[in-house]
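A.B. asks: First, the structure itself, so that you have it in front of you.
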Amino acid sequence: MYNLGEQFNIDFKSAVAGVRSVVSGEKYRFTVLSPRVIRLEYSDDGIFLDKPTQLFLHRNLPRPDFKVADNAHFLEISTKYFKLTYTKEKPFAGTKVNPTINLKVELLGTDRVWYYGHPEARNFGVPALSLDEGGTNGRGLYSSEGMASIDDSHGMVWNENGTLGQRNTAEVDIYLFMYNSDYEEALLDYYALTGYPALIPRYALGNWWSRNNAYDDLELKELVDTFESKEIPISVVLLDKDWHKRAYIGKKHLKSGFTFDDEKFKNPRAMIEYLHSKGIRLGLNINPTEGIYNYDRYYEEALKYLQPDKDGVIPFNVYDPKFVDVYLKIFIHPLDILGIDFFWLDVDDKNKMLELSLLKHYQFNDMLRDYKRRPMILAEDTRMASHRYPVLYSGKTVVSWSTLKKIPFYNVSAFNNGTCFWAHDIGGYFKGTEDEELYVRFVQLGTFSPILKFGVDKGKYYKREPWRWDIKTYTIVKRYLQLRHKLIPYIYSEAYKYHKFGKSLIKPVYYTNPEFYDDKLYRNEYYFGESLLVCPIVTPKDVVMDRVLHNFYIPQGTWYDFVTGKKFPGGHNYVTFFRDEEYPVFAKSGAIIPLGTNDNLNDTTPPNNMEIHIFPGQSNTYTLFEDDGESDLYRKDFYLLTEIEYNYLPNNYSVIIRAKEGKSGIIPEKRNYKIIFRNTKRTDEVEVYSNRDKVSFKTYIDGPDFIVEVHDVKTIGQLTISCRGKDIEIDAVHLINRDIEGIINDLQIPTEMKEKIDSILFSDLSIQKKRIEIRKLGRQGLDKKFIKMFIKLLEYISEI
């Protein structure tokens with residue numbers, strides 16, 4: 001048996017369920033894997049599979065509580081979620097008239113029943129394989145029926161040496177999830193069976209840059225230097241296919257290649273070291289599926305082990321462990337030695353999805369041989385436990401509002417199969433028309449998405465560099481890209497929870513409000529981590545009012561606009577008007593949002609300067625996870641958990657920041673803290689302690705926020721900030737009339753006319769009379785476009 005290496009070995013013991021969880025006969029076997037999940041197997045020859053499949057790796061789970069009732073002909077298995085009834089030794093399929101005659105599984109507490117061949121028509125689906133397809137395609141775990149199945153009857157099987165083969169059993173093999181409304185518990189079951197999500201490297205949460213340009217080392221340096229001079233951070237540069245030597249075969253320009261083009265990159269190692277010195281990681285586009293050609297540096301070496309075809313090409317064969325071994329050791333490892341951080345597997349052929357799924361597995365696990373470099377790849381989805389191999393690429397998309405509209409629903413649908421880290425090309429990849437408003441909205445959505453990736457085709461008129469736009473667009477985009485990097489401490493902590501506990505970074509609002517699934521206004525909304533809510537803008541603005549009129553829903557509780565601090569009582573629909581620079585992101589009452597910056601603009605390591613936003617209304621505790629962000633040493637307890645505790649009362653409040661668990665030396669020895677108490681009045685009664693010692697501090701007001709700054713605080717220990725005041729919260733409730741006043745204020749019309757409009761809109765007149773009075777202003781010179789706009793705005797004033 002060919003030995004690929006220890007990092008590819010599969011744990012076969014973990015794939016075999018405990019005997020106490022199994023109920024079986026001659027032709028059937030049922031394995032109760034959790035109170036919500038049961039494996040259903042039927043085999044005419046009585047042979048069942050105990051090997052791990054490509055999807056399901058672990059079945060040796062703790063025995064759940066279940067009951068069995070058994071007689072000569074019938075079998076019942078029940079947990080607190082379901083009851084299975086089976087006619088022994090019969091095939092699972094029933095008849096058209098009675099599909100449940102041989103097997104049925106009742107969802108307890110409901111009238112719903114699953115049977116073999118159930119259509120599962122109310123399944124919420126999963127994202128299509130690429131964004132250009134749009135919508136959902138295929139079944140996920142989440143269904144409004146509270147049940148879903150995964151048919152693994154034809155799933156390929158792992159061998160112990162890490163190779164993949166066909167199963168040699170002819171059996172029905174189904175994993176049935178019966179969870180009622182406890183979907184997140186079922187998702188945890190799914191992770192327990194298939195493997196928990198990988199922990200993404202910290203640098204991947206910054207801004208990615210990719211353009212299909214044939215960069216050379218000088219151009220790349222100039223690009224990086226320009227980003228730095230503009231004070232716009234980037235953490236990843238992703239080189240498209242022209243970084244390596246390529247050749248034409250007939251009329252086809254090959255994508256295959258693993259050797260730097262020495263005409264473009266005179267010294268690749270020096271180029272990589274320069275990027276690393278700037279805090280930037282480098283990813284390379286590769287596509288080995290065309291085979292290996294003689295223009296690659298190590299081609300002759302590979303011929304010692306692999307046989308070429310008649311044209312001298314070494315064929316791609318990901319099923320051959322010898323090819324995989326040679327491919328990795330002779331072509332990939334030399335790039336690793338140069339300092340390449342990860343690879344973009346650009347296999348966009350839909351007929352090669354099985355090959356891509358296996359290639360992803362090998363490339364990802366190959367990185368495990370070096371504990372100093374945490375595995376990550378970029379590739380399209382293959383629907384095969386994709387949460388194990390981040391990041392997923394949604395493919396090349398058209399520059400359009402239509403593309404932007406697809407992204408939020410695409411992202412939230414990923415919740416239904418446990419994936420999270422999707423990368424979409426900011427602004428769209430090709431075609432279409434460049435538009436400053438569209439570009440801004442793409443960047444804003446990307447700022448509050450798992451991955452923010454710029455990616456665009458060849459062509460000098462595609463504008464992805466922020467400085468190539470007008471000053472307003474440039475300023476807005478720069479601010480959001482800076483915010484994205486500041487948010488990394490929060491996003492990385494949430495990514496850790498996804499990896500460790502299965503808590504997705506993105507959760508759709510329709511999970512708690514299933515009725516929104518079919519409502520295009522609200523189904524795009526999602527929770528971003530435990531504290532933020534995002535209500536994406538996907539339509540262009542009204543050019544007359546110079547704002548987007550946006551409908552959104554605020555869930556139960558109290559929420560605050562993340563930028564302005566305006567309060568939104570929950571459980572209501574809202575209409576608000578957003579300027580280009582504004583975006584609907586909300587923080588829940590008591591939210592603690594840790595932000596950070598380093599002296600090096602692009603540096604994504606644990607920051608020297610922490611900026612912690614705390615929203616009033618209730619006490620809360622947030623746990624910040626930090627490690628080196630790039631290695632697997634966190635598995636050996638080289639990490640630090642810091643607890644941020646906020647104690648809220650209307651007349652006093654305190655914040656305690658203390659190292660809770662882990663090791664010292666992981667984060668900076670000292671930090672500067674800026675604690676921003678949002679919507680909070682100033683108080684002069686402030687005390688600050690580092691451990692037991694009083695320390696100096698500075699306080700000031702910035703708009704509606706009260707800020708306490710403390711410098712050079714030891715991070716291993718405890719920082720305590722106590723504040724006392726009276727009625728401390730500023731009650732800035734959102735009012736739509738204020739929004740409309742702002743619209744009037746910004747219009748280029750005479751001030752006296754503005755006063756007349758105001759007196760009509762906010763008078764006690766009936767709506768009908770207000771419309772009449774507004775129309776009369778046309779006789780006094782008010783343009784028809786403004787009259788039409790104000791008539792429209794009356795619809796919303798009437799709702800107050």
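Chain labels run A, B, ... following the order of the structure tokens; each chain numbers its residues from 1, and ligands are numbered from 1 in the order shown.
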Using DSSP on the backbone, list every residue of range 229-429 of chain A that comes out as alpha helix (DSSP H), and give them as a VMD selection string.

C.D. replies: chain A and resid 229 268 to 277 299 to 302 321 to 326 333 to 338 353 to 366 401 to 413

A.B. asks: Env of Phe501 in chain A: 9 Å cut, atoms = only C-alpha atoms, seq-sep filter 3 positions within chain, self excluded. Answer as an MDAnalysis selection string.

C.D. replies: chainID A and resid 188 196 496:498 504

A.B. asks: For N, CA and C atoms, I'd like the residues from the last selection saved as a PDB file, in the first residue's frame.

C.D. replies:
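Produced file result_2.pdb, reproduced below:
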```
ATOM      1  N   LEU A 188     -24.670  20.620  14.835  1.00  0.00           N
ATOM      2  CA  LEU A 188     -23.568  20.109  15.656  1.00  0.00           C
ATOM      3  C   LEU A 188     -23.410  18.601  15.469  1.00  0.00           C
ATOM      4  N   TYR A 196     -15.373  18.843  12.492  1.00  0.00           N
ATOM      5  CA  TYR A 196     -15.689  20.245  12.769  1.00  0.00           C
ATOM      6  C   TYR A 196     -14.988  21.159  11.760  1.00  0.00           C
ATOM      7  N   TYR A 496     -13.215  31.285  15.644  1.00  0.00           N
ATOM      8  CA  TYR A 496     -12.797  30.249  16.591  1.00  0.00           C
ATOM      9  C   TYR A 496     -14.010  29.509  17.151  1.00  0.00           C
ATOM     10  N   LYS A 497     -15.074  30.241  17.462  1.00  0.00           N
ATOM     11  CA  LYS A 497     -16.290  29.600  17.983  1.00  0.00           C
ATOM     12  C   LYS A 497     -16.890  28.667  16.925  1.00  0.00           C
ATOM     13  N   TYR A 498     -16.799  29.058  15.675  1.00  0.00           N
ATOM     14  CA  TYR A 498     -17.271  28.208  14.573  1.00  0.00           C
ATOM     15  C   TYR A 498     -16.465  26.915  14.526  1.00  0.00           C
ATOM     16  N   SER A 504     -21.881  29.156  13.797  1.00  0.00           N
ATOM     17  CA  SER A 504     -21.554  29.775  12.523  1.00  0.00           C
ATOM     18  C   SER A 504     -21.373  31.280  12.645  1.00  0.00           C
TER      19      SER A 504
END
```

A.B. asks: When you look at range 343-359 of chain A with a cut-off of 7 Å (counting only C-alpha atoms), what residues show up, excluding the ones that are within fewer than 5 positions of it in the same chain? I need them as an mmCIF file with all heavy atoms, in the first residue's frame.

C.D. replies:
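File written: selection-v8.cif
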```
data_model
loop_
_atom_site.group_PDB
_atom_site.id
_atom_site.type_symbol
_atom_site.label_atom_id
_atom_site.label_comp_id
_atom_site.auth_asym_id
_atom_site.auth_seq_id
_atom_site.Cartn_x
_atom_site.Cartn_y
_atom_site.Cartn_z
ATOM 1 N N GLY A 283 -0.876 34.103 -2.010
ATOM 2 C CA GLY A 283 -1.512 32.913 -2.536
ATOM 3 C C GLY A 283 -1.292 32.827 -4.030
ATOM 4 O O GLY A 283 -1.200 33.840 -4.726
ATOM 5 N N LEU A 284 -1.199 31.594 -4.561
ATOM 6 C CA LEU A 284 -0.956 31.375 -5.986
ATOM 7 C C LEU A 284 -2.086 30.560 -6.612
ATOM 8 O O LEU A 284 -2.545 29.574 -6.042
ATOM 9 C CB LEU A 284 0.367 30.625 -6.202
ATOM 10 C CG LEU A 284 1.657 31.293 -5.751
ATOM 11 C CD1 LEU A 284 2.852 30.399 -6.084
ATOM 12 C CD2 LEU A 284 1.827 32.661 -6.384
ATOM 13 N N ASN A 285 -2.474 30.963 -7.807
ATOM 14 C CA ASN A 285 -3.455 30.223 -8.602
ATOM 15 C C ASN A 285 -2.771 29.032 -9.272
ATOM 16 O O ASN A 285 -1.756 29.195 -9.951
ATOM 17 C CB ASN A 285 -4.042 31.170 -9.655
ATOM 18 C CG ASN A 285 -5.011 30.498 -10.603
ATOM 19 O OD1 ASN A 285 -4.641 29.584 -11.332
ATOM 20 N ND2 ASN A 285 -6.221 30.986 -10.651
ATOM 21 N N ILE A 286 -3.328 27.831 -9.081
ATOM 22 C CA ILE A 286 -2.812 26.657 -9.786
ATOM 23 C C ILE A 286 -3.986 25.823 -10.301
ATOM 24 O O ILE A 286 -5.069 25.821 -9.706
ATOM 25 C CB ILE A 286 -1.897 25.773 -8.913
ATOM 26 C CG1 ILE A 286 -2.612 25.323 -7.641
ATOM 27 C CG2 ILE A 286 -0.599 26.477 -8.574
ATOM 28 C CD1 ILE A 286 -1.829 24.315 -6.813
ATOM 29 N N ASN A 287 -3.759 25.138 -11.404
ATOM 30 C CA ASN A 287 -4.747 24.210 -11.960
ATOM 31 C C ASN A 287 -3.996 23.025 -12.551
ATOM 32 O O ASN A 287 -3.579 23.063 -13.711
ATOM 33 C CB ASN A 287 -5.594 24.897 -13.030
ATOM 34 C CG ASN A 287 -6.688 23.987 -13.560
ATOM 35 O OD1 ASN A 287 -6.706 22.794 -13.284
ATOM 36 N ND2 ASN A 287 -7.596 24.550 -14.341
ATOM 37 N N VAL A 318 -5.602 12.259 -9.795
ATOM 38 C CA VAL A 318 -5.669 12.459 -8.355
ATOM 39 C C VAL A 318 -6.050 11.173 -7.617
ATOM 40 O O VAL A 318 -5.917 11.089 -6.391
ATOM 41 C CB VAL A 318 -6.658 13.596 -8.022
ATOM 42 C CG1 VAL A 318 -8.096 13.145 -8.200
ATOM 43 C CG2 VAL A 318 -6.422 14.157 -6.628
ATOM 44 N N ILE A 377 -6.964 26.750 1.793
ATOM 45 C CA ILE A 377 -6.961 26.768 0.336
ATOM 46 C C ILE A 377 -8.141 27.617 -0.119
ATOM 47 O O ILE A 377 -9.058 27.903 0.660
ATOM 48 C CB ILE A 377 -7.087 25.352 -0.274
ATOM 49 C CG1 ILE A 377 -8.285 24.616 0.335
ATOM 50 C CG2 ILE A 377 -5.816 24.552 -0.099
ATOM 51 C CD1 ILE A 377 -8.549 23.277 -0.279
ATOM 52 N N LEU A 378 -8.123 28.008 -1.375
ATOM 53 C CA LEU A 378 -9.254 28.670 -2.010
ATOM 54 C C LEU A 378 -9.672 27.801 -3.184
ATOM 55 O O LEU A 378 -8.838 27.453 -4.032
ATOM 56 C CB LEU A 378 -8.866 30.066 -2.505
ATOM 57 C CG LEU A 378 -9.937 30.828 -3.289
ATOM 58 C CD1 LEU A 378 -11.107 31.217 -2.379
ATOM 59 C CD2 LEU A 378 -9.348 32.073 -3.946
ATOM 60 N N ALA A 379 -10.945 27.439 -3.254
ATOM 61 C CA ALA A 379 -11.431 26.593 -4.350
ATOM 62 C C ALA A 379 -12.946 26.662 -4.386
ATOM 63 O O ALA A 379 -13.594 27.065 -3.405
ATOM 64 C CB ALA A 379 -10.972 25.143 -4.174
ATOM 65 N N THR A 382 -17.544 21.817 -3.647
ATOM 66 C CA THR A 382 -17.796 20.509 -4.254
ATOM 67 C C THR A 382 -18.868 19.732 -3.496
ATOM 68 O O THR A 382 -19.120 18.573 -3.817
ATOM 69 C CB THR A 382 -16.505 19.666 -4.272
ATOM 70 O OG1 THR A 382 -16.048 19.481 -2.928
ATOM 71 C CG2 THR A 382 -15.418 20.345 -5.090
ATOM 72 N N MET A 384 -18.752 18.419 -0.656
ATOM 73 C CA MET A 384 -18.237 17.251 0.049
ATOM 74 C C MET A 384 -17.504 17.723 1.304
ATOM 75 O O MET A 384 -16.305 17.950 1.296
ATOM 76 C CB MET A 384 -17.312 16.441 -0.848
ATOM 77 C CG MET A 384 -17.016 15.050 -0.319
ATOM 78 S SD MET A 384 -18.464 14.068 0.064
ATOM 79 C CE MET A 384 -19.202 13.885 -1.557
#
```

A.B. asks: Return as a PyMOL selection string the full set of residues in range 583-691 of chain A whose backbone-based DSSP assignment is strand (DSSP E or B).

C.D. replies: chain A and resi 585-588+592-597+609-614+620-626+640-649+652-662+670-677+680+685-690

A.B. asks: So that I can see what lies close to His244 in chain A, please list as a PyMOL selection string the residues with an atom at most 8 Å from it, counting only C-alpha atoms and leaving out residues fewer than 5 positions away in the same chain.

C.D. replies: chain A and resi 257-261

A.B. asks: Excluding Gly703 in chain A and its own-chain neighbours fewer than 4 positions away, which residues fall within 10 Å of it when counting only C-alpha atoms? Please give them as a ChimeraX atom specification.

C.D. replies: /A:564-565,678-681

A.B. asks: Taking only C-alpha atoms into account, name the residue in A:Ala198, A:Leu103, A:Ile593, A:Leu549 that is nearest to Ser386 in chain A.

C.D. replies: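 Looking at the shortest contact to Ser386 in chain A, the residue is A:Ala198.
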
A.B. asks: Could you check the closest approach to Phe448 in chain A for each of A:Tyr215, A:Tyr389, A:Phe562, A:Phe528 and tell me which residue wins, using only C-alpha atoms?

C.D. replies: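 Smallest separation from Phe448 in chain A among the options: A:Phe528.
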
A.B. asks: List the spatial neighbours of range 216-229 of chain A as a PyMOL selection string - criterion: any atom at most 10 Å away, only C-alpha atoms, same-chain residues fewer than 6 positions off excluded.

C.D. replies: chain A and resi 209+237+239+242-243+261-268+270-272+274-275+278+280+465-467+600-602

A.B. asks: When distances are computed from only C-alpha atoms, which of A:Phe577, A:Tyr639, A:Phe421, A:Tyr583 shows the smallest separation from Val440 in chain A?

C.D. replies: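 Smallest separation from Val440 in chain A among the options: A:Tyr583.
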
A.B. asks: Quick one: residues within 10 Å of range 695-699 of chain A, only C-alpha atoms counted, chain neighbours fewer than 4 positions away excluded, as a PyMOL selection string?

C.D. replies: chain A and resi 673-676+682-684+686-691+706-713+719+721

A.B. asks: What does the structure give for the distance between CA of Thr539 in chain A and CA of Val575 in chain A, in Å to one decimal?

C.D. replies: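 Atom-to-atom, CA of Thr539 in chain A and CA of Val575 in chain A are spaced 14.2 Å apart.
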
A.B. asks: Report the distance between CA of Ala148 in chain A and CA of Asn123 in chain A in Å, rounded to one decimal place.

C.D. replies: 7.4 Å

A.B. asks: Counting only C-alpha atoms, which residue out of A:Ser493, A:Thr289, A:Thr623, A:Ser43 sits closest to Ile657 in chain A?

C.D. replies: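 Distance minimum relative to Ile657 in chain A lands on A:Thr623.
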